[in-house]
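Some notes on the structure that comes next.
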Amino acid sequence: MPRINCNQDSSGLTPECKVLEGKVNALISKMSLDEKIGQLVLISNGPLMDWEAVRNGTAGALINFNNAQDIAKAQEMTAKTRLAIPLLIGLDVVHGFRTQFPTPLGEAAAFDPDLSRRVAKAMAEEARYVGVNWTYAPMADLSRDPRWGRIIEGFGEDPYLGSLLTAARVEGIQAGGLVATVKHFAGYGAPAGGREYAETLIPQSELYNFYLPPYHAGVRAGAGSVMSAFNALNGKPSTANRFLLSDLLRDQWKFDGFVTSDWGAVQELMAHGIAANELIATAIAINAGVDMDMMSKLYKRNLYKAIQLGLVSEETLNQAVRRVLLTKYRFGLFEAPHTPAERVDTVFPTDASRGLAREAAVKSFVLLKNSSDLLPISQDVKSISVIGPLADRPCEQLGPHAARGGCEDAVSYLKGIEKRASQSGVKVSYQAGCDIFCTDELKIEDAVATAKTTDVIIAVLGEPRDASGEAASKVHFGLSGEQENLLDGLLKTDKPVVLVIMAGRPLDITRYQEKLGAILMTWYPGTEGGNAVADVLFGDKAPVGKLPLTYPRAVGQVPVYYNHLPSGRPHLDDNRFTYGYYDESYLPLYPFGWGLTYTSFNYSDLKIEKAEHLNVEQDSLKLSVLVQNTGDRSGEEIVQVYVRKPFDEESRPVRELKAFSKVSLAAGEAKTVQFEIPLQNLSFYKEGQTEVAYQVSPGGYQLWVGGNSDARLSAEFSIEKGSIFGARFQ
């Protein structure tokens, strides 16, 4: 979908944008107050659908329209209204429309912005085919807390990785024909106690250095809309937060799209305790900068009266309408042809979309452990038992927010393994062991008995998709129900056990860490999950994914993240009065960036081209490292660069990811991997600044290169002259 950027710079608006501004102003001059308010009303499909609002031109956008027949009906009604203003047709296309790709947290494990861009474009094209033109993605919420169910919809704990992937997704979504929505603005991913919809308390420096950069990246990538968050940030509900929605988003970041609330969030201002009634809630939200009201219906019921009473100015209303109409013009909705009603989404998945889904799934898998090279499955293996209720439940692997994803389209883990095993003459036996929630032990004995008769056990365990996503926050995130009893029984067979985890978050597997032969994290891989799992288990493809978040060893560590601030008492094993816990290791089970493959790599010869007297305005940080494949198979490694400023005016994180690059190496091959990092990417927001700006401080820095955040190969460099920037990452 073409997009015209109308950000105003020192030279003023471009001629093309001046034309659009003129069209919008002319249209607004013709609109009645009811028609203006209607452009700010977002209503949902369903039994209570307000078709009359569509028919009379007092609805600006629709949600949950996912088929061409309903969309064509709405378009036809709109075309007959007095002004024939096209509708925004919105849908949660989070990780696929009909073809389902890995959920975003899994996609993040690929560390591959180009893949994210291609996936986003493909899913947008499928939705656009039936007439959807707007989606509520990507979710840019940084999160460090796996108790929070919606962690699955984001890109993990790192602001640099999150920024790259948010921007890539915005670009892909809009290239595929949909208006992208950066959500949930802001700080939604840090709810107190991991509780869904809870308040977030984020210090200013932490907000700017960690939580805001991914949103900013999405805005800079040209997102057409932003969604305000449900949560209260530092005591102020986001839907009522003028600082976030107007001062920061529009005045400082120059966002030129429109802001929509989340579902019913305007009405929820009363429950937040800042609005005594609907009228006040309406006035607070639109004055703060919420242009569109999603399904609380408060704008429809109260805006007219709020303007009459002077609680909202007509200019504020006009500005909100102007932003919505400009977005519709910029994205070509006024010229877009109506979608034919006879179109059906069953034309998908296509061979191409299946191929991309399979590629994305393989790249999202993270091999956490592989003792004695248990994987890939040896040619000596003649029989496999696949055990676990999730192995043959294709619906579950689609994950939450699966749009029009068809269970009948999905290849289950069992089917994928059976198909691949038959090619090698390997016998496959299957037992569920229990239902998907594993609520009883009735079938565990049968599963264990079957497992005893085979050479290798593939245990597919984890979370059904309803146990992840929105409204799925959890106090406990171990293997639920009787899954632990099932796994205990399998381990007692003395057969090698591969644990394949299907889940939307890290699960507590610490007590099994030493007992399991191999552990493969597959998240919710989507339509082609079964084929992708088989590809990796049998070695047709090697796992390449890296953890986009720190994997805790116990829930008591949460939130746990690699880029924390240093302690005044660094950990010492023989001193309890240092950083750590009394009853457990302070270290995570697996660090951020961790991920094994079917070969091994060695890092050496780290060089910095200019290690001293760097000038931010003239130089960049150029470095190289020699990476060698020390195994007997070809492989791919994600080389990661971490930086720290050990001394500054304020404590700085112990490490921060600043670059990564993929390298493919044949067995025994070595390559020099080069990086050029803009020094702006080393900038940091300091508490108490009067202006929002990121500073690159002069002085000494430390640098590490390796395969995860615990990399050991190090070097040092220094910056002679620093600088100030308006954004953290280029």
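Residue names in the structure tokens use chain letters A, B, ... in the order shown, residue numbers from 1 in each chain, and ligand numbers from 1 in the order shown.
Note that DSSP on the backbone gives alpha helix (DSSP H) to these residues of region 472-566 of chain A: Gln483, Glu484, Asn485, Leu486, Leu487, Asp488, Gly489, Leu490, Leu491, Gly529, Gly530, Asn531, Ala532, Val533, Ala534, Asp535, Val536 and Leu537 of chain A.
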Please provide as JSON, numbers by chain all residues within 10 Å of Pro213 (chain A), with the sequence filter that same-chain residues fewer than 3 positions apart are discarded (counting only C-alpha atoms).
{"A": [140, 141, 142, 158, 159, 160, 162, 163, 164, 166, 207, 208, 209, 210, 216, 217, 218, 219, 727, 728, 729]}
Based on the selection just made, write N, CA, C and O atoms of those residues as a tab-separated table (two decimals), in the first residue's frame.
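Result file again_21.tsv:
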```tsv
chain	number	residue	atom	x	y	z
A	140	ALA	N	5.13	-3.51	20.12
A	140	ALA	CA	6.50	-3.07	20.40
A	140	ALA	C	6.83	-3.10	21.89
A	140	ALA	O	7.88	-2.59	22.29
A	141	ASP	N	5.96	-3.70	22.68
A	141	ASP	CA	6.15	-3.70	24.13
A	141	ASP	C	7.33	-4.57	24.54
A	141	ASP	O	7.29	-5.80	24.40
A	142	LEU	N	8.39	-3.97	25.04
A	142	LEU	CA	9.50	-4.71	25.61
A	142	LEU	C	9.04	-5.35	26.90
A	142	LEU	O	8.34	-4.74	27.71
A	158	ASP	N	15.13	-7.00	24.73
A	158	ASP	CA	16.21	-6.11	24.32
A	158	ASP	C	15.71	-4.96	23.45
A	158	ASP	O	15.04	-5.20	22.44
A	159	PRO	N	16.05	-3.72	23.76
A	159	PRO	CA	15.55	-2.58	22.98
A	159	PRO	C	16.13	-2.49	21.58
A	159	PRO	O	15.45	-2.04	20.66
A	160	TYR	N	17.38	-2.93	21.39
A	160	TYR	CA	17.98	-2.86	20.06
A	160	TYR	C	17.33	-3.87	19.12
A	160	TYR	O	16.88	-3.53	18.02
A	162	GLY	N	14.45	-5.33	19.58
A	162	GLY	CA	13.05	-4.94	19.46
A	162	GLY	C	12.84	-3.80	18.49
A	162	GLY	O	11.85	-3.78	17.74
A	163	SER	N	13.76	-2.85	18.47
A	163	SER	CA	13.64	-1.71	17.56
A	163	SER	C	13.78	-2.16	16.10
A	163	SER	O	13.00	-1.74	15.24
A	164	LEU	N	14.77	-3.00	15.83
A	164	LEU	CA	14.97	-3.47	14.46
A	164	LEU	C	13.76	-4.26	13.95
A	164	LEU	O	13.31	-4.08	12.82
A	166	THR	N	10.61	-4.26	15.17
A	166	THR	CA	9.40	-3.43	15.08
A	166	THR	C	9.40	-2.65	13.77
A	166	THR	O	8.39	-2.61	13.05
A	207	LEU	N	12.64	4.05	31.19
A	207	LEU	CA	11.62	4.21	30.15
A	207	LEU	C	12.27	4.61	28.83
A	207	LEU	O	12.00	4.01	27.79
A	208	TYR	N	13.14	5.60	28.88
A	208	TYR	CA	13.75	6.11	27.66
A	208	TYR	C	14.82	5.17	27.09
A	208	TYR	O	14.97	5.07	25.87
A	209	ASN	N	15.55	4.49	27.95
A	209	ASN	CA	16.64	3.65	27.46
A	209	ASN	C	16.20	2.27	27.01
A	209	ASN	O	16.84	1.67	26.14
A	210	PHE	N	15.12	1.75	27.58
A	210	PHE	CA	14.73	0.38	27.28
A	210	PHE	C	13.35	0.29	26.63
A	210	PHE	O	13.19	-0.36	25.59
A	216	HIS	N	9.48	4.03	19.15
A	216	HIS	CA	10.02	5.11	18.31
A	216	HIS	C	10.46	4.57	16.96
A	216	HIS	O	10.26	5.20	15.92
A	217	ALA	N	11.06	3.38	16.96
A	217	ALA	CA	11.49	2.77	15.71
A	217	ALA	C	10.31	2.51	14.78
A	217	ALA	O	10.40	2.71	13.57
A	218	GLY	N	9.19	2.07	15.36
A	218	GLY	CA	8.00	1.85	14.55
A	218	GLY	C	7.44	3.13	13.97
A	218	GLY	O	7.00	3.16	12.81
A	219	VAL	N	7.49	4.20	14.74
A	219	VAL	CA	7.03	5.50	14.26
A	219	VAL	C	7.95	6.00	13.15
A	219	VAL	O	7.49	6.47	12.10
A	727	ALA	N	17.31	10.52	19.03
A	727	ALA	CA	16.89	9.12	19.05
A	727	ALA	C	18.08	8.27	19.44
A	727	ALA	O	19.24	8.66	19.25
A	728	ARG	N	17.81	7.09	19.99
A	728	ARG	CA	18.90	6.26	20.46
A	728	ARG	C	19.55	5.45	19.35
A	728	ARG	O	20.76	5.30	19.31
A	729	PHE	N	18.73	4.87	18.48
A	729	PHE	CA	19.27	4.00	17.44
A	729	PHE	C	19.02	4.60	16.07
A	729	PHE	O	17.97	5.14	15.79
```
Please identify all polymer residues within 8 Å of region 531-536 of chain A, counting only C-alpha atoms, omitting same-chain residues fewer than 2 positions from it, and present them as a list of chain:residue names.
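Non-adjacent residues within range: A:Arg358, A:Glu359, A:Ala361, A:Val362, A:Pro376, A:Val411, A:Ser412, A:Tyr413, A:Lys415, A:Gly416, A:Ile417, A:Arg420, A:Thr522, A:Glu528, A:Gly529, A:Phe538, A:Gly539, A:Asp540, A:Lys541, A:Ala542, A:Pro543.
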Atoms to include: all heavy atoms. Write the selected residues as a short mmCIF file (atom, residue, chain, number, x, y, z; two decimals), in the first residue's frame.
```
data_model
loop_
_atom_site.label_atom_id
_atom_site.label_comp_id
_atom_site.auth_asym_id
_atom_site.auth_seq_id
_atom_site.Cartn_x
_atom_site.Cartn_y
_atom_site.Cartn_z
N ARG A 358 7.43 -22.32 6.78
CA ARG A 358 8.35 -23.39 7.19
C ARG A 358 9.74 -22.82 7.46
O ARG A 358 10.38 -23.17 8.47
CB ARG A 358 8.41 -24.45 6.09
CG ARG A 358 9.14 -25.73 6.45
CD ARG A 358 8.83 -26.78 5.41
NE ARG A 358 9.52 -28.04 5.62
CZ ARG A 358 9.24 -29.17 4.96
NH1 ARG A 358 8.27 -29.16 4.04
NH2 ARG A 358 9.91 -30.29 5.20
N GLU A 359 10.20 -21.94 6.59
CA GLU A 359 11.49 -21.29 6.80
C GLU A 359 11.52 -20.51 8.11
O GLU A 359 12.47 -20.61 8.90
CB GLU A 359 11.80 -20.34 5.63
CG GLU A 359 13.08 -19.54 5.81
CD GLU A 359 13.22 -18.39 4.83
OE1 GLU A 359 12.40 -18.29 3.88
OE2 GLU A 359 14.13 -17.56 5.02
N ALA A 361 9.62 -20.87 10.75
CA ALA A 361 9.53 -21.74 11.91
C ALA A 361 10.88 -22.37 12.24
O ALA A 361 11.32 -22.37 13.39
CB ALA A 361 8.48 -22.82 11.67
N VAL A 362 11.55 -22.89 11.22
CA VAL A 362 12.88 -23.48 11.45
C VAL A 362 13.82 -22.47 12.08
O VAL A 362 14.54 -22.77 13.04
CB VAL A 362 13.47 -24.00 10.12
CG1 VAL A 362 14.95 -24.30 10.27
CG2 VAL A 362 12.73 -25.25 9.66
N PRO A 376 21.14 -34.12 15.50
CA PRO A 376 19.96 -34.69 14.85
C PRO A 376 19.87 -36.20 15.06
O PRO A 376 20.87 -36.85 15.41
CB PRO A 376 20.17 -34.35 13.38
CG PRO A 376 21.66 -34.26 13.24
CD PRO A 376 22.14 -33.67 14.52
N VAL A 411 0.12 -28.57 9.74
CA VAL A 411 0.78 -29.87 9.82
C VAL A 411 1.23 -30.07 11.26
O VAL A 411 2.09 -29.34 11.76
CB VAL A 411 1.99 -29.93 8.88
CG1 VAL A 411 2.68 -31.29 8.98
CG2 VAL A 411 1.57 -29.63 7.45
N SER A 412 0.65 -31.04 11.95
CA SER A 412 1.00 -31.27 13.35
C SER A 412 2.42 -31.80 13.48
O SER A 412 3.01 -32.32 12.52
CB SER A 412 0.03 -32.26 13.99
OG SER A 412 0.28 -33.58 13.52
N TYR A 413 2.96 -31.71 14.69
CA TYR A 413 4.30 -32.23 14.94
C TYR A 413 4.35 -33.72 14.60
O TYR A 413 5.30 -34.20 13.98
CB TYR A 413 4.69 -32.02 16.40
CG TYR A 413 4.99 -30.60 16.81
CD1 TYR A 413 4.54 -29.52 16.06
CD2 TYR A 413 5.74 -30.33 17.95
CE1 TYR A 413 4.82 -28.21 16.45
CE2 TYR A 413 6.03 -29.03 18.34
CZ TYR A 413 5.56 -27.98 17.59
OH TYR A 413 5.84 -26.69 17.97
N LYS A 415 2.45 -35.50 12.52
CA LYS A 415 2.37 -35.77 11.09
C LYS A 415 3.68 -35.42 10.39
O LYS A 415 4.13 -36.14 9.49
CB LYS A 415 1.21 -34.98 10.47
CG LYS A 415 -0.16 -35.34 11.02
CD LYS A 415 -0.46 -36.83 10.90
CE LYS A 415 -1.83 -37.15 11.47
NZ LYS A 415 -2.08 -38.62 11.54
N GLY A 416 4.29 -34.32 10.79
CA GLY A 416 5.56 -33.95 10.19
C GLY A 416 6.65 -34.96 10.48
O GLY A 416 7.44 -35.34 9.59
N ILE A 417 6.70 -35.45 11.72
CA ILE A 417 7.71 -36.45 12.11
C ILE A 417 7.45 -37.78 11.40
O ILE A 417 8.38 -38.42 10.90
CB ILE A 417 7.72 -36.63 13.64
CG1 ILE A 417 8.24 -35.34 14.31
CG2 ILE A 417 8.55 -37.83 14.04
CD1 ILE A 417 8.07 -35.33 15.82
N ARG A 420 8.53 -37.54 7.70
CA ARG A 420 9.99 -37.54 7.51
C ARG A 420 10.60 -38.87 7.93
O ARG A 420 11.53 -39.38 7.28
CB ARG A 420 10.61 -36.39 8.32
CG ARG A 420 12.13 -36.33 8.27
CD ARG A 420 12.63 -36.18 6.85
NE ARG A 420 14.09 -36.17 6.78
CZ ARG A 420 14.86 -37.24 6.79
NH1 ARG A 420 14.30 -38.46 6.87
NH2 ARG A 420 16.17 -37.13 6.71
N THR A 522 10.25 -24.49 20.64
CA THR A 522 9.63 -24.25 19.34
C THR A 522 8.55 -23.18 19.37
O THR A 522 7.94 -22.91 18.34
CB THR A 522 9.02 -25.55 18.78
OG1 THR A 522 7.96 -25.99 19.65
CG2 THR A 522 10.07 -26.63 18.66
N GLU A 528 3.12 -24.54 9.38
CA GLU A 528 4.09 -25.53 8.94
C GLU A 528 4.95 -26.05 10.09
O GLU A 528 6.04 -26.58 9.86
CB GLU A 528 4.98 -24.93 7.85
CG GLU A 528 4.32 -24.87 6.48
CD GLU A 528 4.16 -26.26 5.87
OE1 GLU A 528 5.16 -26.98 5.73
OE2 GLU A 528 3.01 -26.60 5.52
N GLY A 529 4.44 -25.93 11.32
CA GLY A 529 5.23 -26.31 12.49
C GLY A 529 5.72 -27.74 12.46
O GLY A 529 6.87 -28.03 12.81
N PHE A 538 15.55 -34.29 12.34
CA PHE A 538 16.25 -35.24 11.48
C PHE A 538 17.49 -34.63 10.81
O PHE A 538 18.19 -35.32 10.06
CB PHE A 538 15.30 -35.80 10.43
CG PHE A 538 14.34 -36.82 10.98
CD1 PHE A 538 13.13 -36.43 11.50
CD2 PHE A 538 14.67 -38.16 11.00
CE1 PHE A 538 12.24 -37.36 12.02
CE2 PHE A 538 13.80 -39.10 11.52
CZ PHE A 538 12.57 -38.71 12.05
N GLY A 539 17.74 -33.34 11.06
CA GLY A 539 18.97 -32.74 10.57
C GLY A 539 18.94 -32.25 9.15
O GLY A 539 19.98 -31.89 8.59
N ASP A 540 17.75 -32.22 8.52
CA ASP A 540 17.66 -31.62 7.18
C ASP A 540 17.95 -30.13 7.24
O ASP A 540 18.44 -29.55 6.28
CB ASP A 540 16.28 -31.87 6.59
CG ASP A 540 15.96 -33.36 6.46
OD1 ASP A 540 16.90 -34.13 6.22
OD2 ASP A 540 14.79 -33.73 6.62
N LYS A 541 17.59 -29.53 8.37
CA LYS A 541 17.93 -28.15 8.67
C LYS A 541 18.52 -28.11 10.08
O LYS A 541 18.12 -28.90 10.94
CB LYS A 541 16.70 -27.23 8.61
CG LYS A 541 16.00 -27.19 7.26
CD LYS A 541 16.80 -26.42 6.24
CE LYS A 541 16.03 -26.29 4.93
NZ LYS A 541 16.80 -25.54 3.90
N ALA A 542 19.44 -27.20 10.29
CA ALA A 542 20.02 -27.05 11.63
C ALA A 542 19.33 -25.91 12.36
O ALA A 542 18.94 -24.91 11.75
CB ALA A 542 21.51 -26.76 11.53
N PRO A 543 19.13 -26.05 13.67
CA PRO A 543 18.56 -24.93 14.43
C PRO A 543 19.53 -23.76 14.46
O PRO A 543 20.74 -23.96 14.57
CB PRO A 543 18.36 -25.52 15.83
CG PRO A 543 19.36 -26.64 15.91
CD PRO A 543 19.48 -27.19 14.52
#
```
Find the spatial neighbours of Phe348 (chain A), counting only C-alpha atoms, within a cut-off of 12 Å - ignore same-chain residues fewer than 4 positions away - and output them as a VMD selection string.
chain A and resid 96 to 100 122 to 123 125 to 127 129 to 130 343 to 344 352 to 354 404 to 406 408 to 410 527
Can you write out the residues you just picked, keeping N, CA and C atoms, as a PDB file, in the first residue's frame?
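Below is the file that was written, part-v2.pdb:
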```
ATOM      1  N   GLY A  96      -0.081 -13.778  11.209  1.00  0.00           N
ATOM      2  CA  GLY A  96      -0.610 -14.445  10.035  1.00  0.00           C
ATOM      3  C   GLY A  96      -2.093 -14.179   9.886  1.00  0.00           C
ATOM      4  N   PHE A  97      -2.585 -14.324   8.670  1.00  0.00           N
ATOM      5  CA  PHE A  97      -4.023 -14.224   8.403  1.00  0.00           C
ATOM      6  C   PHE A  97      -4.573 -15.635   8.240  1.00  0.00           C
ATOM      7  N   ARG A  98      -4.457 -16.234   7.080  1.00  0.00           N
ATOM      8  CA  ARG A  98      -4.815 -17.651   6.940  1.00  0.00           C
ATOM      9  C   ARG A  98      -3.576 -18.516   7.193  1.00  0.00           C
ATOM     10  N   THR A  99      -2.503 -18.228   6.487  1.00  0.00           N
ATOM     11  CA  THR A  99      -1.230 -18.898   6.785  1.00  0.00           C
ATOM     12  C   THR A  99      -0.697 -18.339   8.096  1.00  0.00           C
ATOM     13  N   GLN A 100      -0.389 -19.216   9.042  1.00  0.00           N
ATOM     14  CA  GLN A 100       0.127 -18.763  10.331  1.00  0.00           C
ATOM     15  C   GLN A 100       1.636 -18.979  10.407  1.00  0.00           C
ATOM     16  N   ALA A 122       3.861 -10.875   3.747  1.00  0.00           N
ATOM     17  CA  ALA A 122       3.044 -12.005   3.301  1.00  0.00           C
ATOM     18  C   ALA A 122       1.718 -12.078   4.056  1.00  0.00           C
ATOM     19  N   MET A 123       1.745 -11.895   5.373  1.00  0.00           N
ATOM     20  CA  MET A 123       0.495 -11.993   6.124  1.00  0.00           C
ATOM     21  C   MET A 123      -0.421 -10.814   5.804  1.00  0.00           C
ATOM     22  N   GLU A 125      -0.582  -9.248   2.897  1.00  0.00           N
ATOM     23  CA  GLU A 125      -1.144  -9.457   1.561  1.00  0.00           C
ATOM     24  C   GLU A 125      -2.343 -10.406   1.606  1.00  0.00           C
ATOM     25  N   GLU A 126      -2.273 -11.418   2.455  1.00  0.00           N
ATOM     26  CA  GLU A 126      -3.416 -12.330   2.580  1.00  0.00           C
ATOM     27  C   GLU A 126      -4.630 -11.609   3.139  1.00  0.00           C
ATOM     28  N   ALA A 127      -4.434 -10.798   4.170  1.00  0.00           N
ATOM     29  CA  ALA A 127      -5.558 -10.060   4.765  1.00  0.00           C
ATOM     30  C   ALA A 127      -6.108  -9.029   3.790  1.00  0.00           C
ATOM     31  N   TYR A 129      -6.225  -9.215   0.660  1.00  0.00           N
ATOM     32  CA  TYR A 129      -6.937  -9.911  -0.414  1.00  0.00           C
ATOM     33  C   TYR A 129      -8.444  -9.944  -0.157  1.00  0.00           C
ATOM     34  N   VAL A 130      -8.842 -10.060   1.109  1.00  0.00           N
ATOM     35  CA  VAL A 130     -10.278 -10.100   1.417  1.00  0.00           C
ATOM     36  C   VAL A 130     -10.821  -8.738   1.841  1.00  0.00           C
ATOM     37  N   ARG A 343     -14.489 -13.252  -3.047  1.00  0.00           N
ATOM     38  CA  ARG A 343     -13.170 -13.728  -2.629  1.00  0.00           C
ATOM     39  C   ARG A 343     -13.271 -14.533  -1.332  1.00  0.00           C
ATOM     40  N   VAL A 344     -12.474 -15.597  -1.247  1.00  0.00           N
ATOM     41  CA  VAL A 344     -12.453 -16.429  -0.035  1.00  0.00           C
ATOM     42  C   VAL A 344     -11.009 -16.658   0.387  1.00  0.00           C
ATOM     43  N   ALA A 352       3.878 -20.875  -1.790  1.00  0.00           N
ATOM     44  CA  ALA A 352       4.857 -19.854  -1.383  1.00  0.00           C
ATOM     45  C   ALA A 352       4.712 -19.510   0.095  1.00  0.00           C
ATOM     46  N   SER A 353       3.469 -19.331   0.559  1.00  0.00           N
ATOM     47  CA  SER A 353       3.280 -18.964   1.965  1.00  0.00           C
ATOM     48  C   SER A 353       3.667 -20.119   2.886  1.00  0.00           C
ATOM     49  N   ARG A 354       3.403 -21.354   2.452  1.00  0.00           N
ATOM     50  CA  ARG A 354       3.842 -22.508   3.247  1.00  0.00           C
ATOM     51  C   ARG A 354       5.372 -22.570   3.310  1.00  0.00           C
ATOM     52  N   ARG A 404      -7.591 -15.870  10.827  1.00  0.00           N
ATOM     53  CA  ARG A 404      -8.372 -16.877  10.104  1.00  0.00           C
ATOM     54  C   ARG A 404      -7.597 -18.183   9.925  1.00  0.00           C
ATOM     55  N   GLY A 405      -6.586 -18.387  10.746  1.00  0.00           N
ATOM     56  CA  GLY A 405      -5.783 -19.597  10.640  1.00  0.00           C
ATOM     57  C   GLY A 405      -6.629 -20.840  10.744  1.00  0.00           C
ATOM     58  N   GLY A 406      -6.515 -21.739   9.786  1.00  0.00           N
ATOM     59  CA  GLY A 406      -7.312 -22.953   9.766  1.00  0.00           C
ATOM     60  C   GLY A 406      -6.560 -24.128  10.354  1.00  0.00           C
ATOM     61  N   GLU A 408      -7.223 -27.084   9.909  1.00  0.00           N
ATOM     62  CA  GLU A 408      -7.103 -28.091   8.854  1.00  0.00           C
ATOM     63  C   GLU A 408      -5.908 -27.831   7.938  1.00  0.00           C
ATOM     64  N   ASP A 409      -5.398 -26.614   7.946  1.00  0.00           N
ATOM     65  CA  ASP A 409      -4.236 -26.283   7.118  1.00  0.00           C
ATOM     66  C   ASP A 409      -2.922 -26.678   7.780  1.00  0.00           C
ATOM     67  N   ALA A 410      -2.942 -26.842   9.094  1.00  0.00           N
ATOM     68  CA  ALA A 410      -1.701 -26.988   9.851  1.00  0.00           C
ATOM     69  C   ALA A 410      -1.196 -28.426   9.839  1.00  0.00           C
ATOM     70  N   THR A 527       1.485 -22.764  10.889  1.00  0.00           N
ATOM     71  CA  THR A 527       0.906 -23.728   9.956  1.00  0.00           C
ATOM     72  C   THR A 527       1.859 -24.857   9.591  1.00  0.00           C
TER      73      THR A 527
END
```
Of the candidates A:Asn485, A:Ala53, A:Pro552, A:Tyr215, which one gets nearest to Leu507 (chain A) if we count only C-alpha atoms?
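Closest residue, counting only C-alpha atoms: A:Pro552.
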Which is closest to Leu589 (chain A) among A:Pro559, A:Pro191, A:Pro506, A:Gly57, if we use only C-alpha atoms?
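Closest candidate: A:Pro506.
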Quick check for you: according to DSSP on this backbone, which residues of region 91-330 of chain A are classed as strand (DSSP E or B)? Reply as a PyMOL selection string.
chain A and resi 91+96+100+134-135+139+179+181-185+200+225-228+232-233+236-237+258-260+292-294
Just write the chosen residues, N, CA and C atoms, as a compact mmCIF listing (two decimals), in the first residue's frame.
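Output file again39.txt follows:
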```
# COMPACT_ATOMS: atom_id res chain seq x y z
N LEU A 91 -8.19 -5.55 11.84
CA LEU A 91 -8.18 -6.93 12.35
C LEU A 91 -6.83 -7.20 12.99
N GLY A 96 -0.08 -13.78 11.21
CA GLY A 96 -0.61 -14.44 10.04
C GLY A 96 -2.09 -14.18 9.89
N GLN A 100 -0.39 -19.22 9.04
CA GLN A 100 0.13 -18.76 10.33
C GLN A 100 1.64 -18.98 10.41
N TRP A 134 -6.20 -2.60 7.66
CA TRP A 134 -5.59 -2.04 8.87
C TRP A 134 -5.36 -3.19 9.84
N THR A 135 -4.21 -3.24 10.50
CA THR A 135 -3.99 -4.26 11.52
C THR A 135 -3.41 -3.65 12.78
N MET A 139 3.32 -5.37 17.99
CA MET A 139 3.40 -5.03 19.40
C MET A 139 4.85 -4.75 19.74
N VAL A 179 -2.43 -0.77 6.94
CA VAL A 179 -1.93 0.26 7.83
C VAL A 179 -1.44 -0.44 9.10
N THR A 181 -0.10 -0.66 13.07
CA THR A 181 -0.35 0.01 14.35
C THR A 181 0.72 -0.40 15.35
N VAL A 182 1.50 0.55 15.80
CA VAL A 182 2.48 0.29 16.85
C VAL A 182 1.74 0.33 18.19
N LYS A 183 1.87 -0.74 18.95
CA LYS A 183 1.16 -0.84 20.23
C LYS A 183 2.06 -1.51 21.27
N HIS A 184 1.71 -1.40 22.54
CA HIS A 184 0.67 -0.61 23.20
C HIS A 184 1.40 0.51 23.90
N PHE A 185 1.12 1.73 23.56
CA PHE A 185 1.91 2.88 23.96
C PHE A 185 1.41 3.43 25.29
N THR A 200 2.05 -0.03 35.55
CA THR A 200 3.48 -0.16 35.35
C THR A 200 4.17 1.04 35.98
N SER A 225 -0.59 4.25 12.38
CA SER A 225 -1.35 4.47 13.61
C SER A 225 -0.58 3.94 14.80
N VAL A 226 -0.99 4.39 15.97
CA VAL A 226 -0.43 3.96 17.26
C VAL A 226 -1.61 3.65 18.16
N MET A 227 -1.49 2.61 18.96
CA MET A 227 -2.55 2.26 19.91
C MET A 227 -2.08 2.58 21.33
N SER A 228 -2.91 3.29 22.06
CA SER A 228 -2.59 3.55 23.46
C SER A 228 -2.79 2.27 24.27
N ALA A 232 -1.90 1.97 33.38
CA ALA A 232 -1.48 3.27 33.90
C ALA A 232 0.03 3.25 34.01
N LEU A 233 0.69 4.22 33.42
CA LEU A 233 2.14 4.33 33.47
C LEU A 233 2.52 5.39 34.50
N LYS A 236 -0.51 7.37 35.64
CA LYS A 236 -1.37 8.03 34.66
C LYS A 236 -1.80 7.02 33.60
N PRO A 237 -3.10 6.74 33.48
CA PRO A 237 -3.54 5.82 32.43
C PRO A 237 -3.07 6.29 31.06
N PHE A 258 -2.62 8.58 13.28
CA PHE A 258 -3.65 8.79 14.30
C PHE A 258 -3.48 7.77 15.43
N VAL A 259 -4.05 8.10 16.58
CA VAL A 259 -3.99 7.24 17.75
C VAL A 259 -5.36 6.62 17.99
N THR A 260 -5.39 5.31 18.16
CA THR A 260 -6.61 4.63 18.56
C THR A 260 -6.45 4.11 19.98
N MET A 292 -9.25 7.98 18.09
CA MET A 292 -10.31 7.03 17.77
C MET A 292 -10.64 6.18 18.99
N ASP A 293 -11.92 5.98 19.22
CA ASP A 293 -12.43 5.24 20.37
C ASP A 293 -12.81 3.83 19.92
N MET A 294 -12.05 2.83 20.38
CA MET A 294 -12.33 1.45 20.02
C MET A 294 -13.34 0.84 20.98
```
Neighbour list for Trp148 (chain A) as number ranges by chain, cut-off 7 Å, only C-alpha atoms, skip fewer than 2 positions in-chain:
A: 145-146, 150-151, 194-196, 473-474
Region 671-687 of chain A environment, 6 Å, only C-alpha atoms, sequence neighbours closer than 2 positions dropped, as a ChimeraX atom specification:
/A:205,209,616,620-627,689,694-696,728-729
Residues within 10 Å of Val560 (chain A), only C-alpha atoms, excluding chain neighbours under 4 positions, as a PyMOL selection string
chain A and resi 144-146+157+549-556+564+586-588+591
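Closest approach to Val94 (chain A) among A:Thr350, A:Ser246, A:Thr81, A:Ser116 is made by A:Ser116 (distances from only C-alpha atoms).
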